[in-house]
Structure formats: C-alpha cells, structure tokens
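Coordinates from final_39.txt are shown below (compact mmCIF, N, CA and C atoms).
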# COMPACT_ATOMS: atom_id res chain seq x y z
N MET A 87 72.07 -72.82 -15.46
CA MET A 87 71.13 -72.82 -14.37
C MET A 87 69.74 -73.22 -14.88
N LYS A 88 69.34 -72.68 -16.04
CA LYS A 88 68.05 -73.00 -16.60
C LYS A 88 67.96 -74.48 -16.96
N ARG A 89 69.07 -75.04 -17.43
CA ARG A 89 69.08 -76.47 -17.78
C ARG A 89 68.88 -77.34 -16.54
N ILE A 90 69.46 -76.93 -15.43
CA ILE A 90 69.33 -77.71 -14.20
C ILE A 90 67.87 -77.67 -13.72
N ILE A 91 67.26 -76.49 -13.76
CA ILE A 91 65.86 -76.36 -13.33
C ILE A 91 64.96 -77.18 -14.24
N CYS A 92 65.20 -77.11 -15.56
CA CYS A 92 64.40 -77.90 -16.51
C CYS A 92 64.58 -79.39 -16.26
N LEU A 93 65.82 -79.82 -15.98
CA LEU A 93 66.10 -81.22 -15.71
C LEU A 93 65.38 -81.68 -14.43
N ILE A 94 65.36 -80.83 -13.41
CA ILE A 94 64.67 -81.18 -12.15
C ILE A 94 63.16 -81.29 -12.38
N ILE A 95 62.61 -80.33 -13.10
CA ILE A 95 61.16 -80.35 -13.39
C ILE A 95 60.81 -81.59 -14.21
N PHE A 96 61.62 -81.89 -15.23
CA PHE A 96 61.36 -83.06 -16.07
C PHE A 96 61.43 -84.34 -15.25
N THR A 97 62.43 -84.47 -14.40
CA THR A 97 62.59 -85.66 -13.56
C THR A 97 61.43 -85.80 -12.58
N ALA A 98 61.04 -84.70 -11.97
CA ALA A 98 59.94 -84.74 -11.00
C ALA A 98 58.64 -85.14 -11.69
N SER A 99 58.36 -84.56 -12.87
CA SER A 99 57.13 -84.92 -13.57
C SER A 99 57.15 -86.37 -14.04
N ALA A 100 58.31 -86.87 -14.45
CA ALA A 100 58.41 -88.27 -14.86
C ALA A 100 58.16 -89.19 -13.67
N LEU A 101 58.70 -88.86 -12.50
CA LEU A 101 58.48 -89.67 -11.31
C LEU A 101 57.02 -89.65 -10.89
N LEU A 102 56.37 -88.49 -10.97
CA LEU A 102 54.95 -88.39 -10.61
C LEU A 102 54.10 -89.20 -11.57
N THR A 103 54.42 -89.13 -12.86
CA THR A 103 53.67 -89.91 -13.85
C THR A 103 53.84 -91.40 -13.59
N PHE A 104 55.06 -91.82 -13.29
CA PHE A 104 55.31 -93.23 -13.00
C PHE A 104 54.56 -93.66 -11.75
N ALA A 105 54.57 -92.81 -10.71
CA ALA A 105 53.90 -93.14 -9.45
C ALA A 105 52.39 -93.23 -9.65
N GLN A 106 51.84 -92.36 -10.49
CA GLN A 106 50.39 -92.38 -10.72
C GLN A 106 49.98 -93.62 -11.50
N ASN A 107 50.79 -94.06 -12.41
CA ASN A 107 50.43 -95.19 -13.25
C ASN A 107 50.79 -96.54 -12.65
N HIS A 108 51.82 -96.59 -11.83
CA HIS A 108 52.32 -97.88 -11.37
C HIS A 108 52.37 -98.06 -9.87
N GLY A 109 52.08 -97.04 -9.14
CA GLY A 109 52.22 -97.14 -7.70
C GLY A 109 50.89 -97.05 -6.99
N SER A 110 50.95 -97.10 -5.70
CA SER A 110 49.76 -96.92 -4.89
C SER A 110 50.12 -95.94 -3.77
N LEU A 111 49.09 -95.37 -3.23
CA LEU A 111 49.29 -94.37 -2.20
C LEU A 111 48.54 -94.79 -0.95
N ASN A 112 49.21 -94.85 0.15
CA ASN A 112 48.59 -95.15 1.44
C ASN A 112 48.60 -93.88 2.28
N VAL A 113 47.45 -93.57 2.83
CA VAL A 113 47.34 -92.39 3.67
C VAL A 113 47.06 -92.84 5.10
N ASP A 114 47.91 -92.44 6.00
CA ASP A 114 47.69 -92.71 7.41
C ASP A 114 47.00 -91.48 8.00
N GLN A 115 45.79 -91.71 8.51
CA GLN A 115 44.96 -90.60 9.00
C GLN A 115 44.93 -90.63 10.52
N ASP A 116 45.08 -89.48 11.10
CA ASP A 116 44.99 -89.34 12.55
C ASP A 116 43.57 -89.72 12.99
N ASN A 117 43.43 -90.49 14.07
CA ASN A 117 42.13 -90.93 14.56
C ASN A 117 41.23 -89.76 14.95
N ARG A 118 41.82 -88.64 15.31
CA ARG A 118 41.03 -87.47 15.71
C ARG A 118 40.22 -86.91 14.55
N ILE A 119 40.67 -87.12 13.32
CA ILE A 119 39.92 -86.63 12.15
C ILE A 119 38.57 -87.32 12.07
N GLU A 120 38.55 -88.61 12.27
CA GLU A 120 37.27 -89.34 12.23
C GLU A 120 36.34 -88.87 13.34
N SER A 121 36.87 -88.55 14.53
CA SER A 121 36.01 -88.06 15.60
C SER A 121 35.47 -86.66 15.27
N LEU A 122 36.25 -85.83 14.59
CA LEU A 122 35.77 -84.52 14.17
C LEU A 122 34.65 -84.66 13.12
N ILE A 123 34.79 -85.59 12.21
CA ILE A 123 33.76 -85.83 11.20
C ILE A 123 32.47 -86.30 11.88
N ALA A 124 32.58 -87.17 12.87
CA ALA A 124 31.40 -87.66 13.60
C ALA A 124 30.72 -86.51 14.34
N LYS A 125 31.49 -85.61 14.95
CA LYS A 125 30.90 -84.46 15.63
C LYS A 125 30.17 -83.55 14.64
N GLN A 126 30.76 -83.35 13.48
CA GLN A 126 30.12 -82.51 12.46
C GLN A 126 28.81 -83.14 11.99
N ARG A 127 28.78 -84.45 11.82
CA ARG A 127 27.55 -85.14 11.44
C ARG A 127 26.45 -84.91 12.48
N SER A 128 26.81 -85.06 13.76
CA SER A 128 25.79 -84.91 14.80
C SER A 128 25.30 -83.46 14.89
N LEU A 129 26.19 -82.49 14.72
CA LEU A 129 25.77 -81.09 14.74
C LEU A 129 24.84 -80.79 13.56
N TYR A 130 25.14 -81.34 12.41
CA TYR A 130 24.30 -81.13 11.23
C TYR A 130 22.89 -81.66 11.47
N HIS A 131 22.79 -82.82 12.13
CA HIS A 131 21.47 -83.41 12.37
C HIS A 131 20.73 -82.71 13.51
N ILE A 132 21.44 -82.16 14.47
CA ILE A 132 20.79 -81.47 15.58
C ILE A 132 20.19 -80.14 15.12
N ASP A 133 20.96 -79.33 14.43
CA ASP A 133 20.47 -78.02 14.01
C ASP A 133 20.52 -77.92 12.50
N SER A 134 19.48 -78.43 11.88
CA SER A 134 19.42 -78.38 10.42
C SER A 134 18.36 -77.39 9.96
N SER A 135 18.14 -76.34 10.75
CA SER A 135 17.11 -75.36 10.39
C SER A 135 17.75 -74.05 9.96
N PHE A 136 16.99 -73.30 9.15
CA PHE A 136 17.43 -71.99 8.72
C PHE A 136 16.19 -71.15 8.39
N SER A 137 16.37 -69.87 8.17
CA SER A 137 15.27 -68.95 7.95
C SER A 137 14.60 -69.20 6.60
N GLY A 138 13.26 -69.28 6.62
CA GLY A 138 12.49 -69.50 5.41
C GLY A 138 11.04 -69.12 5.65
N TYR A 139 10.13 -69.84 5.00
CA TYR A 139 8.69 -69.53 5.10
C TYR A 139 7.88 -70.80 5.31
N ARG A 140 6.76 -70.61 6.00
CA ARG A 140 5.76 -71.67 6.18
C ARG A 140 4.38 -71.05 6.01
N ILE A 141 3.40 -71.92 5.88
CA ILE A 141 2.02 -71.47 5.78
C ILE A 141 1.35 -71.71 7.13
N HIS A 142 0.89 -70.62 7.72
CA HIS A 142 0.23 -70.68 9.03
C HIS A 142 -1.21 -71.15 8.81
N ILE A 143 -1.58 -72.28 9.44
CA ILE A 143 -2.89 -72.90 9.25
C ILE A 143 -3.81 -72.66 10.44
N PHE A 144 -3.26 -72.72 11.65
CA PHE A 144 -4.09 -72.80 12.85
C PHE A 144 -3.36 -72.19 14.03
N MET A 145 -4.11 -71.51 14.91
CA MET A 145 -3.57 -71.03 16.18
C MET A 145 -4.72 -70.96 17.17
N GLU A 146 -4.52 -71.54 18.36
CA GLU A 146 -5.59 -71.55 19.34
C GLU A 146 -5.01 -71.57 20.75
N ILE A 147 -5.78 -71.06 21.68
CA ILE A 147 -5.42 -71.02 23.09
C ILE A 147 -6.57 -71.65 23.87
N GLY A 148 -6.28 -72.25 24.99
CA GLY A 148 -7.33 -72.79 25.84
C GLY A 148 -7.11 -74.25 26.20
N ASN A 149 -8.07 -74.78 26.99
CA ASN A 149 -7.94 -76.14 27.51
C ASN A 149 -8.03 -77.20 26.41
N GLU A 150 -8.79 -76.96 25.38
CA GLU A 150 -8.98 -77.94 24.31
C GLU A 150 -8.12 -77.65 23.08
N ALA A 151 -7.22 -76.69 23.18
CA ALA A 151 -6.43 -76.25 22.02
C ALA A 151 -5.57 -77.38 21.44
N LEU A 152 -4.90 -78.14 22.29
CA LEU A 152 -4.04 -79.22 21.79
C LEU A 152 -4.87 -80.27 21.07
N LYS A 153 -5.97 -80.67 21.66
CA LYS A 153 -6.84 -81.68 21.05
C LYS A 153 -7.35 -81.19 19.70
N HIS A 154 -7.79 -79.95 19.64
CA HIS A 154 -8.30 -79.39 18.40
C HIS A 154 -7.18 -79.28 17.35
N ALA A 155 -5.98 -78.88 17.79
CA ALA A 155 -4.83 -78.77 16.88
C ALA A 155 -4.48 -80.12 16.27
N GLU A 156 -4.51 -81.17 17.07
CA GLU A 156 -4.21 -82.51 16.57
C GLU A 156 -5.25 -82.98 15.55
N GLN A 157 -6.52 -82.61 15.76
CA GLN A 157 -7.58 -82.96 14.80
C GLN A 157 -7.35 -82.24 13.47
N VAL A 158 -7.05 -80.95 13.55
CA VAL A 158 -6.81 -80.16 12.33
C VAL A 158 -5.57 -80.70 11.61
N LYS A 159 -4.56 -81.09 12.37
CA LYS A 159 -3.34 -81.64 11.77
C LYS A 159 -3.63 -82.92 11.00
N ARG A 160 -4.41 -83.82 11.59
CA ARG A 160 -4.78 -85.07 10.90
C ARG A 160 -5.57 -84.79 9.63
N GLN A 161 -6.50 -83.84 9.70
CA GLN A 161 -7.28 -83.47 8.51
C GLN A 161 -6.37 -82.91 7.42
N PHE A 162 -5.43 -82.07 7.81
CA PHE A 162 -4.50 -81.48 6.85
C PHE A 162 -3.65 -82.57 6.20
N GLU A 163 -3.14 -83.50 7.00
CA GLU A 163 -2.30 -84.58 6.47
C GLU A 163 -3.07 -85.45 5.49
N ARG A 164 -4.35 -85.66 5.74
CA ARG A 164 -5.18 -86.43 4.79
C ARG A 164 -5.39 -85.65 3.50
N SER A 165 -5.61 -84.35 3.60
CA SER A 165 -5.88 -83.53 2.43
C SER A 165 -4.63 -83.22 1.62
N PHE A 166 -3.51 -83.03 2.30
CA PHE A 166 -2.26 -82.64 1.64
C PHE A 166 -1.11 -83.52 2.15
N PRO A 167 -1.08 -84.80 1.78
CA PRO A 167 -0.05 -85.69 2.31
C PRO A 167 1.38 -85.34 1.87
N ASP A 168 1.52 -84.55 0.82
CA ASP A 168 2.84 -84.19 0.31
C ASP A 168 3.44 -82.96 0.99
N ILE A 169 2.67 -82.30 1.86
CA ILE A 169 3.15 -81.09 2.54
C ILE A 169 3.35 -81.39 4.01
N PRO A 170 4.58 -81.26 4.52
CA PRO A 170 4.80 -81.51 5.95
C PRO A 170 4.12 -80.44 6.80
N ILE A 171 3.59 -80.85 7.95
CA ILE A 171 2.93 -79.90 8.85
C ILE A 171 3.52 -80.08 10.25
N TYR A 172 3.67 -78.97 10.96
CA TYR A 172 4.33 -78.96 12.25
C TYR A 172 3.44 -78.34 13.30
N LEU A 173 3.28 -79.05 14.41
CA LEU A 173 2.53 -78.56 15.56
C LEU A 173 3.54 -78.02 16.57
N THR A 174 3.39 -76.76 16.93
CA THR A 174 4.31 -76.15 17.89
C THR A 174 3.51 -75.46 19.00
N TYR A 175 4.18 -75.24 20.10
CA TYR A 175 3.58 -74.51 21.21
C TYR A 175 4.49 -73.33 21.55
N ALA A 176 3.96 -72.14 21.42
CA ALA A 176 4.67 -70.93 21.86
C ALA A 176 3.69 -70.22 22.78
N GLU A 177 4.00 -70.23 24.04
CA GLU A 177 3.07 -69.78 25.08
C GLU A 177 2.35 -68.50 24.68
N PRO A 178 1.06 -68.49 24.74
CA PRO A 178 0.10 -69.49 25.19
C PRO A 178 -0.60 -70.24 24.04
N TYR A 179 -0.05 -70.18 22.83
CA TYR A 179 -0.74 -70.71 21.66
C TYR A 179 -0.18 -72.03 21.14
N PHE A 180 -1.09 -72.88 20.67
CA PHE A 180 -0.72 -74.03 19.86
C PHE A 180 -0.86 -73.59 18.42
N ARG A 181 0.14 -73.90 17.60
CA ARG A 181 0.14 -73.46 16.20
C ARG A 181 0.39 -74.63 15.27
N LEU A 182 -0.22 -74.53 14.10
CA LEU A 182 0.05 -75.47 13.01
C LEU A 182 0.58 -74.66 11.83
N ARG A 183 1.76 -75.05 11.36
CA ARG A 183 2.36 -74.41 10.19
C ARG A 183 2.84 -75.49 9.25
N ALA A 184 2.66 -75.24 7.96
CA ALA A 184 2.94 -76.26 6.95
C ALA A 184 4.04 -75.82 6.00
N GLY A 185 4.80 -76.81 5.54
CA GLY A 185 5.80 -76.59 4.50
C GLY A 185 7.16 -76.19 5.02
N ASN A 186 8.12 -76.23 4.10
CA ASN A 186 9.49 -75.78 4.31
C ASN A 186 9.90 -75.05 3.03
N PHE A 187 9.58 -73.77 2.95
CA PHE A 187 9.79 -73.02 1.73
C PHE A 187 10.97 -72.07 1.87
N ARG A 188 11.87 -72.11 0.91
CA ARG A 188 13.06 -71.27 0.95
C ARG A 188 12.76 -69.82 0.60
N ASP A 189 11.74 -69.61 -0.25
CA ASP A 189 11.40 -68.24 -0.60
C ASP A 189 9.89 -68.03 -0.56
N ARG A 190 9.50 -66.78 -0.47
CA ARG A 190 8.09 -66.43 -0.31
C ARG A 190 7.26 -66.82 -1.54
N VAL A 191 7.82 -66.71 -2.73
CA VAL A 191 7.10 -67.05 -3.96
C VAL A 191 6.67 -68.52 -3.94
N GLU A 192 7.58 -69.38 -3.53
CA GLU A 192 7.29 -70.81 -3.42
C GLU A 192 6.16 -71.05 -2.40
N ALA A 193 6.20 -70.34 -1.28
CA ALA A 193 5.17 -70.48 -0.24
C ALA A 193 3.82 -69.98 -0.74
N GLU A 194 3.81 -68.86 -1.44
CA GLU A 194 2.56 -68.30 -1.97
C GLU A 194 1.92 -69.25 -2.98
N LYS A 195 2.74 -69.91 -3.77
CA LYS A 195 2.23 -70.87 -4.74
C LYS A 195 1.51 -72.02 -4.03
N CYS A 196 2.10 -72.52 -2.96
CA CYS A 196 1.49 -73.59 -2.19
C CYS A 196 0.24 -73.08 -1.46
N LEU A 197 0.28 -71.85 -1.00
CA LEU A 197 -0.88 -71.26 -0.30
C LEU A 197 -2.13 -71.29 -1.18
N ARG A 198 -1.95 -71.06 -2.48
CA ARG A 198 -3.09 -71.09 -3.41
C ARG A 198 -3.76 -72.47 -3.42
N ARG A 199 -2.99 -73.52 -3.22
CA ARG A 199 -3.56 -74.88 -3.12
C ARG A 199 -4.34 -75.07 -1.83
N ILE A 200 -3.82 -74.52 -0.75
CA ILE A 200 -4.37 -74.73 0.59
C ILE A 200 -5.57 -73.83 0.89
N LYS A 201 -5.55 -72.64 0.36
CA LYS A 201 -6.53 -71.60 0.69
C LYS A 201 -8.00 -72.03 0.54
N PRO A 202 -8.38 -72.80 -0.49
CA PRO A 202 -9.79 -73.19 -0.59
C PRO A 202 -10.29 -73.99 0.63
N LYS A 203 -9.42 -74.77 1.24
CA LYS A 203 -9.81 -75.60 2.38
C LYS A 203 -9.58 -74.88 3.72
N TYR A 204 -8.54 -74.04 3.78
CA TYR A 204 -8.19 -73.32 5.01
C TYR A 204 -8.18 -71.82 4.68
N LYS A 205 -9.33 -71.22 4.81
CA LYS A 205 -9.56 -69.82 4.38
C LYS A 205 -8.68 -68.82 5.12
N GLU A 206 -8.36 -69.10 6.38
CA GLU A 206 -7.58 -68.15 7.19
C GLU A 206 -6.07 -68.34 7.05
N ALA A 207 -5.63 -69.27 6.22
CA ALA A 207 -4.20 -69.56 6.07
C ALA A 207 -3.46 -68.36 5.48
N PHE A 208 -2.19 -68.20 5.90
CA PHE A 208 -1.36 -67.13 5.35
C PHE A 208 0.10 -67.54 5.44
N VAL A 209 0.95 -66.89 4.64
CA VAL A 209 2.38 -67.17 4.63
C VAL A 209 3.05 -66.36 5.73
N THR A 210 3.98 -67.00 6.43
CA THR A 210 4.72 -66.33 7.49
C THR A 210 6.18 -66.80 7.47
N SER A 211 7.07 -65.95 7.94
CA SER A 211 8.47 -66.36 8.04
C SER A 211 8.62 -67.27 9.25
N ASP A 212 9.52 -68.24 9.11
CA ASP A 212 9.72 -69.23 10.18
C ASP A 212 11.06 -69.91 9.96
N MET A 213 11.50 -70.63 10.95
CA MET A 213 12.69 -71.47 10.79
C MET A 213 12.23 -72.77 10.13
N ILE A 214 12.87 -73.13 9.03
CA ILE A 214 12.48 -74.33 8.29
C ILE A 214 13.61 -75.34 8.32
N TYR A 215 13.32 -76.56 7.89
CA TYR A 215 14.31 -77.63 7.90
C TYR A 215 14.89 -77.84 6.51
N ARG A 216 16.16 -78.18 6.50
CA ARG A 216 16.82 -78.54 5.24
C ARG A 216 16.22 -79.85 4.73
N PRO A 217 16.31 -80.06 3.43
CA PRO A 217 15.91 -81.37 2.92
C PRO A 217 16.78 -82.45 3.54
N ARG A 218 16.24 -83.62 3.72
CA ARG A 218 17.00 -84.70 4.35
C ARG A 218 17.97 -85.32 3.36
N VAL A 219 19.21 -84.80 3.38
CA VAL A 219 20.27 -85.32 2.53
C VAL A 219 21.47 -85.52 3.44
N ASP A 220 22.06 -86.69 3.38
CA ASP A 220 23.23 -86.96 4.20
C ASP A 220 24.48 -86.53 3.44
N LEU A 221 25.02 -85.36 3.80
CA LEU A 221 26.20 -84.85 3.11
C LEU A 221 27.44 -85.66 3.41
N TYR A 222 27.42 -86.39 4.50
CA TYR A 222 28.62 -87.12 4.93
C TYR A 222 28.43 -88.62 4.76
N LYS A 223 27.65 -88.98 3.80
CA LYS A 223 27.38 -90.40 3.56
C LYS A 223 28.65 -91.10 3.09
N ASN A 224 28.92 -92.23 3.68
CA ASN A 224 30.10 -93.00 3.28
C ASN A 224 29.84 -93.66 1.95
N GLU A 225 30.72 -93.41 0.99
CA GLU A 225 30.58 -94.02 -0.33
C GLU A 225 31.38 -95.31 -0.34
N GLU A 226 30.76 -96.35 -0.86
CA GLU A 226 31.43 -97.65 -0.88
C GLU A 226 31.66 -98.08 -2.30
Represent the structure of the file as structure tokens.
Amino acid sequence: MKRIICLIIFTASALLTFAQNHGSLNVDQDNRIESLIAKQRSLYHIDSSFSGYRIHIFMEIGNEALKHAEQVKRQFERSFPDIPIYLTYAEPYFRLRAGNFRDRVEAEKCLRRIKPKYKEAFVTSDMIYRPRVDLYKNEE
C-alpha cells in the first residue's frame, strides 16, 4: 500500500514538474469577476477616508466667512505648498484644516512648523484621506 501511495505521489510530482517547465496554463475567468473588481475600485475611490489628525487653522461664521476662509487658504498654500489644506462647512462654521496625519505625534511635529505663522492653530482628530495609491493598478 505504501509503495502505491509513493508511486502516485512520485508520478503526480513528475507531471507537475513537466507541466511547469513545458506547458502553459490558460485560465477562463467568469466575466462577473471583472465587474466585481471594477466595483471595488470605485468604492475605494469614493470612500478613501479614515480616522486620523489634522491641524485646525481657521474657523469663522458670518456673511464674509467663506471669502475670508478662501483668502486664508490661499495664504496657507503659498506658505506651506507641501501640506494639503481643506475648506469645509459644518453649519454654521467655515473651517480650514491642514494635513492628513495618521498619528498625533506626526501632526504635532507639523504644528511646530505652522504655529509661528498661525498662532491659534491646534491639532484635532478628523477623517483623513489615504495616500493616493492605486492598489488595483493593471500591471503590463
């Protein structure tokens, strides 16, 4: 019995080795798999945010708040072009928050750069964006 099992294992491994070295493999894929991959790509791009930290720069309410927020945003972008800044509206305030920091230590380090120019800035928890990396990029 042991000889038969050994003979079967030896034959199977020899066939696999021959197939790997001399054959080719064709895979027929169901079309629905490609549609599932496309749906996953779109979901990834729609909701690519998660919990993290940002630096709160500005918050204002009133008739001129949006105009003032846009001015502060342009000034910030000129001063710190490497730090992304986001203008949001959460009733009744317009807010400017900068950065996409995964941890508070990283945000505090950046705050030290910003603080001389924006004295009232502080670190706050926020939903941040993932780095722009296409996980489903087709390799050619």
Excluding same-chain residues fewer than 3 positions from range 142-159 of chain A, what lies within 5 Å of it counting all atoms listed in the file, as an mmCIF file with N, CA and C atoms, keeping the file's coordinate frame?
data_model
loop_
_atom_site.group_PDB
_atom_site.id
_atom_site.type_symbol
_atom_site.label_atom_id
_atom_site.label_comp_id
_atom_site.auth_asym_id
_atom_site.auth_seq_id
_atom_site.Cartn_x
_atom_site.Cartn_y
_atom_site.Cartn_z
ATOM 1 N N PHE A 162 -5.430 -82.070 7.810
ATOM 2 C CA PHE A 162 -4.500 -81.480 6.850
ATOM 3 C C PHE A 162 -3.650 -82.570 6.200
ATOM 4 N N GLU A 163 -3.140 -83.500 7.000
ATOM 5 C CA GLU A 163 -2.300 -84.580 6.470
ATOM 6 C C GLU A 163 -3.070 -85.450 5.490
ATOM 7 N N PRO A 178 1.060 -68.490 24.740
ATOM 8 C CA PRO A 178 0.100 -69.490 25.190
ATOM 9 C C PRO A 178 -0.600 -70.240 24.040
ATOM 10 N N TYR A 179 -0.050 -70.180 22.830
ATOM 11 C CA TYR A 179 -0.740 -70.710 21.660
ATOM 12 C C TYR A 179 -0.180 -72.030 21.140
ATOM 13 N N PHE A 180 -1.090 -72.880 20.670
ATOM 14 C CA PHE A 180 -0.720 -74.030 19.860
ATOM 15 C C PHE A 180 -0.860 -73.590 18.420
ATOM 16 N N ARG A 181 0.140 -73.900 17.600
ATOM 17 C CA ARG A 181 0.140 -73.460 16.200
ATOM 18 C C ARG A 181 0.390 -74.630 15.270
ATOM 19 N N LEU A 182 -0.220 -74.530 14.100
ATOM 20 C CA LEU A 182 0.050 -75.470 13.010
ATOM 21 C C LEU A 182 0.580 -74.660 11.830
ATOM 22 N N ARG A 183 1.760 -75.050 11.360
ATOM 23 C CA ARG A 183 2.360 -74.410 10.190
ATOM 24 C C ARG A 183 2.840 -75.490 9.250
ATOM 25 N N ALA A 184 2.660 -75.240 7.960
ATOM 26 C CA ALA A 184 2.940 -76.260 6.950
ATOM 27 C C ALA A 184 4.040 -75.820 6.000
ATOM 28 N N ALA A 207 -5.630 -69.270 6.220
ATOM 29 C CA ALA A 207 -4.200 -69.560 6.070
ATOM 30 C C ALA A 207 -3.460 -68.360 5.480
ATOM 31 N N PHE A 208 -2.190 -68.200 5.900
ATOM 32 C CA PHE A 208 -1.360 -67.130 5.350
ATOM 33 C C PHE A 208 0.100 -67.540 5.440
ATOM 34 N N VAL A 209 0.950 -66.890 4.640
ATOM 35 C CA VAL A 209 2.380 -67.170 4.630
ATOM 36 C C VAL A 209 3.050 -66.360 5.730
ATOM 37 N N THR A 210 3.980 -67.000 6.430
ATOM 38 C CA THR A 210 4.720 -66.330 7.490
ATOM 39 C C THR A 210 6.180 -66.800 7.470
#
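Between atom C of Val191 in chain A and atom N of Phe166 in chain A there is a distance of 18.8 Å.
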Legend entry - From A:Lys201, A:Lys195, A:Arg140, A:Arg164, residue lying nearest Met213 in chain A [only C-alpha atoms]: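 Smallest distance to Met213 in chain A is found for A:Arg140.
Pairwise distance (atom N of Ser137 in chain A, atom N of Glu120 in chain A) equals 29.3 Å.
For the atom pair formed by atom N of Ile169 in chain A and atom N of Ser128 in chain A, the distance is 27.1 Å, given to one decimal.
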